$ cat my_file-v8.csv   # CSV, C-alpha atoms and all ligand atoms
chain,number,residue,atom,x,y,z
A,1,MET,CA,112.7,116.2,121.0
A,2,LYS,CA,109.0,115.4,120.8
A,3,LYS,CA,108.5,112.0,119.0
A,4,ARG,CA,105.3,110.6,117.5
A,5,ILE,CA,104.9,107.1,118.9
A,6,LEU,CA,102.4,104.4,118.0
A,7,ILE,CA,101.4,101.9,120.7
A,8,THR,CA,99.4,98.9,119.5
A,9,GLY,CA,97.4,97.3,122.3
A,10,GLY,CA,97.7,100.7,124.1
A,11,ALA,CA,94.4,100.3,126.0
A,12,GLY,CA,95.6,97.0,127.7
A,13,PHE,CA,97.4,96.6,130.9
A,14,LEU,CA,101.0,97.3,129.8
A,15,GLY,CA,100.0,99.5,126.9
A,16,SER,CA,98.1,101.9,129.1
A,17,HIS,CA,101.1,102.4,131.4
A,18,LEU,CA,103.4,102.9,128.4
A,19,CYS,CA,101.0,105.5,126.8
A,20,LYS,CA,101.0,107.4,130.1
A,21,ARG,CA,104.8,107.3,130.6
A,22,LEU,CA,105.6,108.3,127.0
A,23,LEU,CA,103.2,111.3,127.2
A,24,GLU,CA,104.7,112.4,130.5
A,25,GLN,CA,108.1,112.3,128.7
A,26,GLY,CA,106.7,114.9,126.2
A,27,ASN,CA,105.9,112.7,123.3
A,28,GLU,CA,102.8,112.4,121.1
A,29,VAL,CA,101.1,109.0,121.4
A,30,ILE,CA,98.8,107.2,119.0
A,31,CYS,CA,97.1,104.3,120.8
A,32,VAL,CA,95.6,101.6,118.6
A,33,ASP,CA,93.4,98.9,120.1
A,34,ASN,CA,90.5,96.7,119.2
A,35,PHE,CA,89.4,96.5,122.9
A,36,PHE,CA,89.4,92.7,123.0
A,37,THR,CA,91.0,92.6,126.4
A,38,GLY,CA,91.8,96.3,126.8
A,39,ASN,CA,89.3,99.0,127.8
A,40,LYS,CA,88.8,102.7,127.8
A,41,GLN,CA,88.9,102.9,131.6
A,42,ASN,CA,92.6,102.2,131.4
A,43,ILE,CA,93.3,105.3,129.3
A,44,ILE,CA,90.3,107.5,130.2
A,45,GLU,CA,92.6,110.0,132.0
A,46,LEU,CA,94.6,110.5,128.8
A,47,LEU,CA,91.7,111.2,126.5
A,48,ASP,CA,91.7,115.0,127.2
A,49,ASN,CA,95.4,115.3,126.4
A,50,PRO,CA,95.7,116.9,122.9
A,51,TYR,CA,98.9,114.9,122.3
A,52,PHE,CA,97.0,111.6,122.8
A,53,GLU,CA,95.0,110.0,120.0
A,54,LEU,CA,92.9,106.8,120.2
A,55,ILE,CA,92.2,104.6,117.2
A,56,ARG,CA,89.9,101.6,117.4
A,57,HIS,CA,91.6,99.2,115.0
A,58,ASP,CA,92.5,95.5,114.7
A,59,VAL,CA,96.2,95.1,113.8
A,60,THR,CA,95.4,92.1,111.5
A,61,PHE,CA,94.2,94.8,109.0
A,62,PRO,CA,96.7,97.3,107.4
A,63,LEU,CA,97.2,100.6,109.2
A,64,TYR,CA,98.5,103.8,107.6
A,65,VAL,CA,99.9,106.4,110.0
A,66,GLU,CA,103.1,108.4,110.2
A,67,VAL,CA,105.2,107.9,113.3
A,68,ASP,CA,108.8,107.8,114.6
A,69,GLU,CA,108.5,104.7,116.8
A,70,ILE,CA,106.1,101.7,117.1
A,71,TYR,CA,105.6,99.6,120.2
A,72,ASN,CA,103.8,96.4,119.1
A,73,LEU,CA,101.9,95.2,122.2
A,74,ALA,CA,98.6,94.1,120.6
A,75,CYS,CA,97.8,90.5,121.6
A,76,PRO,CA,95.8,89.1,124.5
A,77,ALA,CA,98.3,87.9,127.2
A,78,SER,CA,96.2,85.9,129.6
A,79,PRO,CA,95.8,82.2,128.8
A,80,VAL,CA,92.1,82.4,129.4
A,81,HIS,CA,91.7,85.1,126.8
A,82,TYR,CA,94.3,84.0,124.2
A,83,GLN,CA,92.7,80.5,124.3
A,84,PHE,CA,89.1,81.9,123.8
A,85,ASP,CA,89.7,82.4,120.0
A,86,PRO,CA,93.1,80.8,119.4
A,87,VAL,CA,93.0,81.3,115.6
A,88,GLN,CA,92.5,85.0,116.1
A,89,THR,CA,95.4,85.0,118.6
A,90,THR,CA,97.8,83.5,116.0
A,91,LYS,CA,96.5,86.0,113.4
A,92,THR,CA,97.1,88.9,115.8
A,93,SER,CA,100.7,87.9,116.5
A,94,VAL,CA,101.6,86.9,112.9
A,95,ILE,CA,99.5,89.1,110.6
A,96,GLY,CA,99.7,91.9,113.2
A,97,ALA,CA,103.5,91.7,113.1
A,98,ILE,CA,103.6,91.7,109.3
A,99,ASN,CA,101.4,94.8,109.1
A,100,MET,CA,103.3,96.7,111.7
A,101,LEU,CA,106.7,95.7,110.2
A,102,GLY,CA,105.3,96.7,106.7
A,103,LEU,CA,104.4,100.0,108.2
A,104,ALA,CA,107.8,100.5,109.9
A,105,LYS,CA,109.5,99.6,106.7
A,106,ARG,CA,107.5,102.2,104.7
A,107,ILE,CA,107.9,105.1,107.1
A,108,LYS,CA,111.4,104.0,108.4
A,109,ALA,CA,110.2,103.9,112.0
A,110,LYS,CA,111.9,102.0,114.8
A,111,ILE,CA,109.7,99.1,116.0
A,112,LEU,CA,109.7,97.1,119.3
A,113,GLN,CA,108.0,93.8,119.7
A,114,ALA,CA,106.5,92.7,123.0
A,115,SER,CA,107.6,89.1,122.9
A,116,THR,CA,107.4,86.8,125.9
A,117,SER,CA,109.0,84.3,128.1
A,118,GLU,CA,106.4,81.8,126.7
A,119,ILE,CA,108.7,81.4,123.7
A,120,TYR,CA,110.8,79.2,126.1
A,121,GLY,CA,107.8,77.0,126.7
A,122,ASP,CA,108.1,74.6,129.6
A,123,PRO,CA,111.8,75.2,130.0
A,124,GLU,CA,114.4,72.6,130.8
A,125,VAL,CA,117.1,75.3,131.4
A,126,HIS,CA,116.8,77.4,134.5
A,127,PRO,CA,116.9,80.3,134.7
A,128,GLN,CA,116.3,81.1,131.1
A,129,PRO,CA,119.0,83.0,129.1
A,130,GLU,CA,118.2,84.5,125.7
A,131,ASN,CA,120.2,81.8,123.8
A,132,TYR,CA,118.0,79.0,125.2
A,133,LYS,CA,115.9,77.9,122.3
A,134,GLY,CA,112.9,76.7,124.3
A,135,ALA,CA,110.6,73.7,124.6
A,136,VAL,CA,107.3,74.6,123.1
A,137,SER,CA,104.4,72.3,122.0
A,138,THR,CA,103.3,73.1,118.5
A,139,ILE,CA,99.9,71.6,119.0
A,140,GLY,CA,98.9,72.2,122.6
A,141,PRO,CA,96.4,74.8,123.9
A,142,ARG,CA,99.1,77.4,124.6
A,143,ALA,CA,100.7,77.0,121.1
A,144,CYS,CA,98.5,79.7,119.5
A,145,TYR,CA,100.2,82.2,121.7
A,146,ASP,CA,103.7,80.7,122.0
A,147,GLU,CA,104.1,79.8,118.3
A,148,GLY,CA,102.5,83.1,117.2
A,149,LYS,CA,105.0,85.0,119.3
A,150,ARG,CA,107.9,82.8,118.1
A,151,CYS,CA,106.9,83.5,114.5
A,152,ALA,CA,106.6,87.2,115.2
A,153,GLU,CA,110.2,87.2,116.4
A,154,THR,CA,111.2,85.4,113.2
A,155,LEU,CA,109.4,88.1,111.1
A,156,PHE,CA,111.1,90.9,113.1
A,157,PHE,CA,114.6,89.5,112.4
A,158,ASP,CA,113.8,88.8,108.7
A,159,TYR,CA,112.5,92.3,108.2
A,160,LYS,CA,115.8,93.5,109.7
A,161,ARG,CA,117.9,91.2,107.5
A,162,GLN,CA,115.8,91.6,104.3
A,163,HIS,CA,114.6,95.2,104.6
A,164,ASP,CA,117.0,96.8,107.2
A,165,VAL,CA,114.1,97.7,109.5
A,166,ASN,CA,115.3,99.0,112.9
A,167,ILE,CA,113.9,96.4,115.3
A,168,LYS,CA,113.9,95.7,119.0
A,169,VAL,CA,112.6,92.5,120.7
A,170,ALA,CA,111.8,92.3,124.4
A,171,ARG,CA,111.0,89.0,126.0
A,172,ILE,CA,108.7,90.0,128.8
A,173,PHE,CA,108.4,87.8,131.9
A,174,ASN,CA,105.3,87.8,134.1
A,175,THR,CA,104.4,91.4,134.9
A,176,TYR,CA,101.6,92.7,137.2
A,177,GLY,CA,100.2,95.9,138.6
A,178,PRO,CA,97.3,98.4,138.4
A,179,ASN,CA,95.2,98.4,135.2
A,180,MET,CA,95.0,94.6,135.1
A,181,HIS,CA,91.4,93.7,134.5
A,182,PRO,CA,89.6,92.0,137.5
A,183,ASP,CA,88.6,89.2,135.0
A,184,ASP,CA,92.0,89.1,133.3
A,185,GLY,CA,92.5,85.5,134.5
A,186,ARG,CA,96.2,85.7,135.3
A,187,VAL,CA,97.4,84.5,138.7
A,188,ILE,CA,98.1,87.8,140.5
A,189,SER,CA,94.8,89.5,139.6
A,190,ASN,CA,92.9,86.3,140.3
A,191,PHE,CA,94.4,85.8,143.8
A,192,ILE,CA,94.0,89.4,144.8
A,193,VAL,CA,90.4,89.7,143.6
A,194,GLN,CA,89.5,86.3,145.2
A,195,ALA,CA,91.2,87.4,148.5
A,196,LEU,CA,89.4,90.8,148.5
A,197,LYS,CA,86.1,89.2,147.9
A,198,GLY,CA,86.7,86.5,150.5
A,199,GLU,CA,86.3,83.8,147.8
A,200,ASP,CA,88.3,80.6,147.6
A,201,ILE,CA,91.8,81.1,146.1
A,202,THR,CA,92.2,78.8,143.1
A,203,ILE,CA,95.6,77.1,143.0
A,204,PHE,CA,96.2,75.1,139.8
A,205,GLY,CA,97.9,71.8,140.5
A,206,GLN,CA,99.8,71.6,143.8
A,207,GLY,CA,101.0,75.1,143.5
A,208,ASN,CA,104.7,74.1,143.3
A,209,GLN,CA,105.2,75.6,139.9
A,210,THR,CA,107.2,78.9,140.0
A,211,ARG,CA,107.0,82.3,138.3
A,212,SER,CA,109.1,85.4,138.7
A,213,PHE,CA,107.0,88.6,138.9
A,214,CYS,CA,107.9,92.0,137.7
A,215,TYR,CA,106.1,95.2,138.8
A,216,VAL,CA,104.8,97.1,135.8
A,217,ASP,CA,106.8,100.4,136.4
A,218,ASP,CA,110.0,98.5,136.3
A,219,LEU,CA,109.0,96.7,133.1
A,220,ILE,CA,108.0,99.9,131.4
A,221,ASP,CA,111.5,101.4,132.2
A,222,GLY,CA,113.0,98.4,130.5
A,223,LEU,CA,110.9,98.7,127.3
A,224,ILE,CA,111.7,102.4,126.9
A,225,LYS,CA,115.4,101.8,127.6
A,226,LEU,CA,115.4,99.1,124.9
A,227,MET,CA,113.7,101.4,122.4
A,228,ASN,CA,116.3,104.1,123.0
A,229,LYS,CA,119.4,101.9,123.0
A,230,GLU,CA,121.2,102.3,119.7
A,231,ASN,CA,122.7,99.3,117.8
A,232,PHE,CA,121.0,96.8,120.1
A,233,THR,CA,118.1,94.6,118.8
A,234,GLY,CA,117.8,92.0,121.5
A,235,PRO,CA,116.1,89.6,122.0
A,236,VAL,CA,116.5,90.6,125.6
A,237,ASN,CA,114.8,89.2,128.7
A,238,LEU,CA,112.9,91.8,130.8
A,239,GLY,CA,111.6,90.7,134.2
A,240,ASN,CA,112.3,90.4,137.9
A,241,PRO,CA,114.4,87.3,138.7
A,242,TYR,CA,113.0,86.7,142.2
A,243,GLU,CA,111.2,83.4,141.9
A,244,PHE,CA,108.1,82.2,143.9
A,245,THR,CA,105.9,79.2,143.9
A,246,MET,CA,102.1,79.8,143.4
A,247,LEU,CA,101.6,78.6,147.0
A,248,GLN,CA,104.0,81.2,148.3
A,249,LEU,CA,102.2,83.9,146.2
A,250,ALA,CA,98.8,82.8,147.5
A,251,GLN,CA,100.0,83.0,151.1
A,252,LYS,CA,101.6,86.4,150.6
A,253,VAL,CA,98.3,87.8,149.0
A,254,ILE,CA,96.3,86.4,152.0
A,255,GLU,CA,98.6,88.0,154.5
A,256,LEU,CA,98.7,91.4,152.8
A,257,THR,CA,94.9,91.5,152.3
A,258,ASN,CA,94.1,90.1,155.7
A,259,SER,CA,91.7,87.8,154.0
A,260,ASN,CA,89.8,84.8,155.3
A,261,SER,CA,89.9,83.1,151.9
A,262,GLN,CA,90.8,79.4,151.8
A,263,LEU,CA,93.0,77.7,149.2
A,264,VAL,CA,91.3,75.3,146.8
A,265,PHE,CA,93.3,73.1,144.4
A,266,LYS,CA,92.1,72.8,140.8
A,267,GLU,CA,93.4,70.8,137.9
A,268,LEU,CA,96.7,72.0,136.4
A,269,PRO,CA,96.1,73.2,132.8
A,270,GLN,CA,97.8,71.3,130.0
A,271,ASP,CA,101.4,72.4,129.2
A,272,ASP,CA,101.6,74.8,132.2
A,273,PRO,CA,105.3,75.6,132.6
A,274,LYS,CA,106.7,74.2,135.8
A,275,GLN,CA,109.3,76.9,136.4
A,276,ARG,CA,110.2,80.3,135.1
A,277,GLN,CA,112.9,82.8,136.0
A,278,PRO,CA,114.6,85.3,133.7
A,279,ASP,CA,118.3,85.5,133.4
A,280,ILE,CA,118.6,89.3,133.1
A,281,THR,CA,122.4,89.5,132.7
A,282,LEU,CA,122.1,90.9,129.1
A,283,ALA,CA,119.5,93.5,130.1
A,284,GLN,CA,121.7,94.6,133.0
A,285,LYS,CA,124.7,95.0,130.8
A,286,GLU,CA,123.1,96.6,127.7
A,287,LEU,CA,120.3,98.6,129.3
A,288,ASN,CA,121.3,99.0,132.9
A,289,PHE,CA,117.9,97.4,133.7
A,290,ASN,CA,117.5,96.6,137.4
A,291,PRO,CA,114.0,96.1,138.7
A,292,THR,CA,113.6,98.0,142.0
A,293,ILE,CA,110.1,97.1,143.2
A,294,GLN,CA,110.0,93.8,144.9
A,295,LEU,CA,107.0,91.5,145.3
A,296,GLU,CA,105.6,92.8,148.6
A,297,GLU,CA,105.7,96.5,147.6
A,298,GLY,CA,104.3,95.8,144.2
A,299,LEU,CA,101.5,93.6,145.6
A,300,ILE,CA,100.5,96.3,148.1
A,301,LYS,CA,100.2,98.9,145.2
A,302,THR,CA,98.2,96.3,143.2
A,303,ILE,CA,95.9,95.4,146.1
A,304,ASN,CA,95.1,99.1,146.6
A,305,TYR,CA,94.2,99.4,143.0
A,306,PHE,CA,91.8,96.5,143.0
A,307,LYS,CA,90.3,97.7,146.3
A,308,ASN,CA,89.3,100.9,144.5
A,309,ARG,CA,88.3,99.2,141.3
A,310,LEU,CA,86.0,96.7,143.0
A,311,LYS,CA,84.2,99.5,144.9
A,312,GLY,CA,83.2,101.3,141.7
A,401,LIG,P1,96.4,92.8,127.7
A,401,LIG,O1,95.5,91.7,127.3
A,401,LIG,O2,96.0,93.7,128.9
A,401,LIG,O3,96.7,93.8,126.5
A,401,LIG,C1,96.7,93.5,125.2
A,401,LIG,C2,96.0,94.6,124.4
A,401,LIG,O4,96.0,94.3,123.0
A,401,LIG,C3,94.5,94.8,124.8
A,401,LIG,O5,94.2,96.1,125.0
A,401,LIG,C4,93.7,94.2,123.6
A,401,LIG,O6,92.5,94.7,123.5
A,401,LIG,C5,94.7,94.5,122.5
A,401,LIG,N1,94.5,93.6,121.3
A,401,LIG,C6,94.4,92.3,121.3
A,401,LIG,N2,94.3,91.9,120.0
A,401,LIG,C7,94.3,93.0,119.2
A,401,LIG,C8,94.2,93.2,117.8
A,401,LIG,N3,94.1,92.2,116.9
A,401,LIG,N4,94.3,94.5,117.3
A,401,LIG,C9,94.4,95.5,118.2
A,401,LIG,N5,94.5,95.4,119.5
A,401,LIG,C10,94.5,94.1,120.0
A,401,LIG,O7,97.9,92.2,128.0
A,401,LIG,P2,99.2,92.9,128.5
A,401,LIG,O8,99.6,92.2,129.7
A,401,LIG,O9,99.1,94.4,128.6
A,401,LIG,O10,100.2,92.5,127.3
A,401,LIG,C11,100.7,93.4,126.4
A,401,LIG,C12,101.7,92.7,125.5
A,401,LIG,O11,102.8,92.3,126.2
A,401,LIG,C13,101.1,91.5,124.8
A,401,LIG,O12,101.7,91.4,123.5
A,401,LIG,C14,101.7,90.3,125.6
A,401,LIG,O13,101.9,89.2,124.8
A,401,LIG,C15,103.0,90.9,126.1
A,401,LIG,N6,103.5,90.2,127.3
A,401,LIG,C16,102.9,90.6,128.5
A,401,LIG,C17,103.3,89.9,129.6
A,401,LIG,C18,102.7,90.2,131.0
A,401,LIG,O14,103.1,89.6,132.0
A,401,LIG,N7,101.9,91.2,131.2
A,401,LIG,C19,104.3,88.9,129.6
A,401,LIG,C20,104.8,88.6,128.3
A,401,LIG,C21,104.4,89.3,127.2
A,402,LIG,N1,101.3,97.8,105.7
A,402,LIG,C1,100.6,98.6,106.5
A,402,LIG,N2,100.9,99.9,106.6
A,402,LIG,C2,101.8,100.5,105.8
A,402,LIG,C3,102.6,99.6,104.9
A,402,LIG,C4,102.3,98.3,104.9
A,402,LIG,O1,99.7,98.1,107.2
A,402,LIG,O2,102.0,101.7,105.9
A,402,LIG,C5,101.0,96.3,105.6
A,402,LIG,C6,100.5,95.9,104.2
A,402,LIG,O3,99.1,95.7,104.2
A,402,LIG,C7,101.3,94.7,103.9
A,402,LIG,C8,102.1,94.4,105.1
A,402,LIG,O4,102.1,95.6,105.9
A,402,LIG,O5,100.4,93.6,103.8
A,402,LIG,C9,103.5,94.0,104.8
A,402,LIG,O6,104.1,95.1,104.0
A,402,LIG,P1,105.3,94.8,103.1
A,402,LIG,O7,105.6,96.1,102.4
A,402,LIG,O8,106.4,94.2,103.8
A,402,LIG,O9,104.9,93.7,102.1
A,402,LIG,P2,103.9,93.7,100.8
A,402,LIG,O10,103.1,95.0,100.8
A,402,LIG,O11,104.8,93.6,99.7
A,402,LIG,O12,103.0,92.5,101.1
A,403,LIG,N1,97.4,79.9,138.3
A,403,LIG,C1,96.8,79.5,139.5
A,403,LIG,N2,95.6,80.0,139.8
A,403,LIG,C2,94.9,80.9,139.0
A,403,LIG,C3,95.6,81.3,137.8
A,403,LIG,C4,96.8,80.8,137.5
A,403,LIG,O1,97.4,78.7,140.2
A,403,LIG,O2,93.8,81.3,139.3
A,403,LIG,C5,98.8,79.4,138.0
A,403,LIG,C6,99.0,78.9,136.5
A,403,LIG,O3,98.6,77.5,136.5
A,403,LIG,C7,100.4,79.1,136.3
A,403,LIG,C8,100.8,80.4,137.1
A,403,LIG,O4,99.7,80.5,138.1
A,403,LIG,O5,101.2,78.1,136.8
A,403,LIG,C9,100.8,81.6,136.3
A,403,LIG,O6,99.7,81.7,135.5
A,403,LIG,P1,99.3,83.0,134.6
A,403,LIG,O7,98.1,82.6,133.9
A,403,LIG,O8,99.3,84.2,135.4
A,403,LIG,O9,100.6,83.1,133.6
A,403,LIG,P2,101.5,82.1,132.7
A,403,LIG,O10,101.1,80.7,133.0
A,403,LIG,O11,101.2,82.5,131.3
A,403,LIG,O12,102.8,82.4,133.2

$ encode --input "my_file-v8.csv" --output "structure tokens"
Amino acid sequence: MKKRILITGGAGFLGSHLCKRLLEQGNEVICVDNFFTGNKQNIIELLDNPYFELIRHDVTFPLYVEVDEIYNLACPASPVHYQFDPVQTTKTSVIGAINMLGLAKRIKAKILQASTSEIYGDPEVHPQPENYKGAVSTIGPRACYDEGKRCAETLFFDYKRQHDVNIKVARIFNTYGPNMHPDDGRVISNFIVQALKGEDITIFGQGNQTRSFCYVDDLIDGLIKLMNKENFTGPVNLGNPYEFTMLQLAQKVIELTNSNSQLVFKELPQDDPKQRQPDITLAQKELNFNPTIQLEEGLIKTINYFKNRLKG
């Protein structure tokens, strides 16, 4: 059955893939974005589709539309961008969540929140299961994002308890792929763009910190499975559990791009998590979520995307 689906942050990296996939599955998609970090290029191929609608709108203001499902992705995700205007970042997460939950309540729509592994902060438990409560600074430079996302989760569960809204909460771990902006600032796009341009590769700290990287197609599968799974709210971790140090990542990118770039070491940003790896047991059990695209294959696809993008 054709559903009408709202995607906030739909012109961003993840949102643009989600718009495309949900249209391909035969749905109508309304994409809402204020273009802070997203851009039209990401969704330009969808603009001719009569079942796709684009609304320029900031989710910190009320929105009145009629839909069956809402994916709430609006929020800058790269530390560089979410720290540019930290007050706006908290407003986007908190007021944005209130508005979208108010909308979901009024129209009785299902609503999914794009939460994050950042709610675990700089974790002392490794890998991170959903019942780990996290170690987050309330006052550091990452807090606008981490605490905003934590409060959004609270709002989702309170709208469920208080107003019986049908909610879903996905805790997304580091995801990468085509449609990341060359200036996004996150590590995979930085390393690839630097390698392709022959510029120095900027390792923050000693490069011993770890992340676990999920290719975008796998992550989108997980989000849609979560939305479609009845009687399951999450929170559920979505990501690829293979863990790498930033040094290993840099070496892999240099190898796959055949680049002459050199590694340079920069200061480690404050509160940068030392390690991160999702425990995806719950997602495997409840959603049959099993990422299939491993780092090398995903990097090759992403490198090809940036090669084309940097040409144009
Ligand atoms: P992104 O920055 O590419 O996309 C975010 C989109 O939200 C952009 O199009 C931006 O313009 C839009 N936006 C920002 N503030 C807005 C506002 N007030 N009103 C309307 N639109 C607004 O980032 P992404 O990687 O696509 O992330 C999408 C969502 O997934 C975010 O909520 C992010 O926190 C979450 N997430 C992503 C990752 C990841 O690794 N990609 C990890 C954890 C969580
Ligand atoms: N809201 C919205 N669209 C709707 C319904 C509500 O944007 O279709 C916003 C509304 O502006 C409100 C927020 O969602 O501020 C929370 O709505 P709720 O009904 O929960 O609370 P209240 O209206 O009582 O503040
Ligand atoms: N990082 C790095 N060089 C860069 C950008 C990031 O070494 O040019 C590091 C960063 O310090 C962090 C890891 O890579 O330890 C992942 O950073 P990203 O901003 O991608 O995501 P997050 O820290 O939010 O997981």

$ closest_residue --input "my_file-v8.csv" --among "A:Gln128, A:Asn290, A:Gln251, A:Ser115" --to "Arg171 of chain A" --atoms "all atoms listed in the file"
A:Ser115

$ closest_residue --input "my_file-v8.csv" --among "A:Gly205, A:Pro182, A:Pro129, A:Gly10" --to "Arg56 of chain A" --atoms "all atoms listed in the file"
A:Gly10

$ atom_distance --input "my_file-v8.csv" --atom1 "atom CA of Ile98 of chain A" --atom2 "atom CA of Tyr159 of chain A"
9.0 Å

$ atom_distance --input "my_file-v8.csv" --atom1 "atom CA of Gln41 of chain A" --atom2 "atom O5 of ligand LIG 401 (chain A)"
10.9 Å

$ atom_distance --input "my_file-v8.csv" --atom1 "atom P2 of ligand LIG 403 (chain A)" --atom2 "atom CA of Val29 of chain A"
29.2 Å

$ residues_near_ligand --input "my_file-v8.csv" --ligand "ligand LIG 402 (chain A)" --cutoff "12 Å" --atoms "all atoms listed in the file" --output "number ranges by chain"
A: 57-67, 70, 94-109, 155-156, 158-160, 162-165

$ closest_atom_pairs --input "my_file-v8.csv" --of "chain A" --to "ligand LIG 403 (chain A)" --cutoff "7 Å" --atoms "all atoms listed in the file" --output "CSV"
residue,atom,partner,partner_atom,distance
A:Ser78,CA,A:LIG403,O7,5.7
A:Pro79,CA,A:LIG403,O7,5.6
A:Glu118,CA,A:LIG403,O11,7.0
A:Asn174,CA,A:LIG403,O12,6.0
A:Gly185,CA,A:LIG403,C3,6.2
A:Arg186,CA,A:LIG403,O8,3.4
A:Val187,CA,A:LIG403,C3,3.8
A:Ile188,CA,A:LIG403,O8,6.4
A:Asn190,CA,A:LIG403,O2,5.2
A:Phe191,CA,A:LIG403,O2,6.4
A:Thr202,CA,A:LIG403,O2,4.8
A:Ile203,CA,A:LIG403,O1,3.7
A:Phe204,CA,A:LIG403,O1,3.8
A:Gly205,CA,A:LIG403,O1,6.9
A:Gly207,CA,A:LIG403,O1,6.1
A:Gln209,CA,A:LIG403,O5,5.6
A:Thr210,CA,A:LIG403,O5,6.8
A:Arg211,CA,A:LIG403,C9,6.6
A:Met246,CA,A:LIG403,O1,5.8
A:Leu268,CA,A:LIG403,O3,5.8
A:Pro269,CA,A:LIG403,O3,6.2
A:Asp272,CA,A:LIG403,O5,5.7
A:Pro273,CA,A:LIG403,O5,6.4
A:Lys274,CA,A:LIG403,O5,6.8

$ residues_near_point --input "my_file-v8.csv" --point "(114.4, 103.3, 124.0)" --cutoff "12 Å" --atoms "all atoms listed in the file" --output "NGL selection string"
:A and (3 or 5 or 18 or 22 or 25 or 68-71 or 110-112 or 166-170 or 220-233 or 286-287 or 289)

$ closest_residue --input "my_file-v8.csv" --among "A:Val125, A:Gly177, A:Asp279, A:Phe13" --to "Asp218 of chain A" --atoms "all atoms listed in the file"
A:Gly177

$ closest_residue --input "my_file-v8.csv" --among "A:Pro291, A:Gly298, A:Gly239, A:Gly234" --to "ligand LIG 401 (chain A)" --atoms "only C-alpha atoms and all ligand atoms"
A:Gly239

$ closest_residue --input "my_file-v8.csv" --among "A:Glu147, A:Asp184, A:Glu53, A:Asp122" --to "ligand LIG 401 (chain A)" --atoms "all atoms listed in the file"
A:Asp184

$ closest_residue --input "my_file-v8.csv" --among "A:Gly9, A:Pro235, A:Pro76, A:Pro86" --to "Leu54 of chain A" --atoms "only C-alpha atoms"
A:Gly9

$ residues_near_point --input "my_file-v8.csv" --point "(113.2, 73.6, 126.2)" --cutoff "10 Å" --atoms "all atoms listed in the file" --output "ChimeraX atom specification"
/A:119-126,128,132-137

$ residues_around --input "my_file-v8.csv" --residues "Asn72 of chain A" --least-positions-apart "4" --cutoff "7 Å" --atoms "only C-alpha atoms" --output "list in words"
Ile7, Thr8, Leu112, Gln113 and Ala114 of chain A
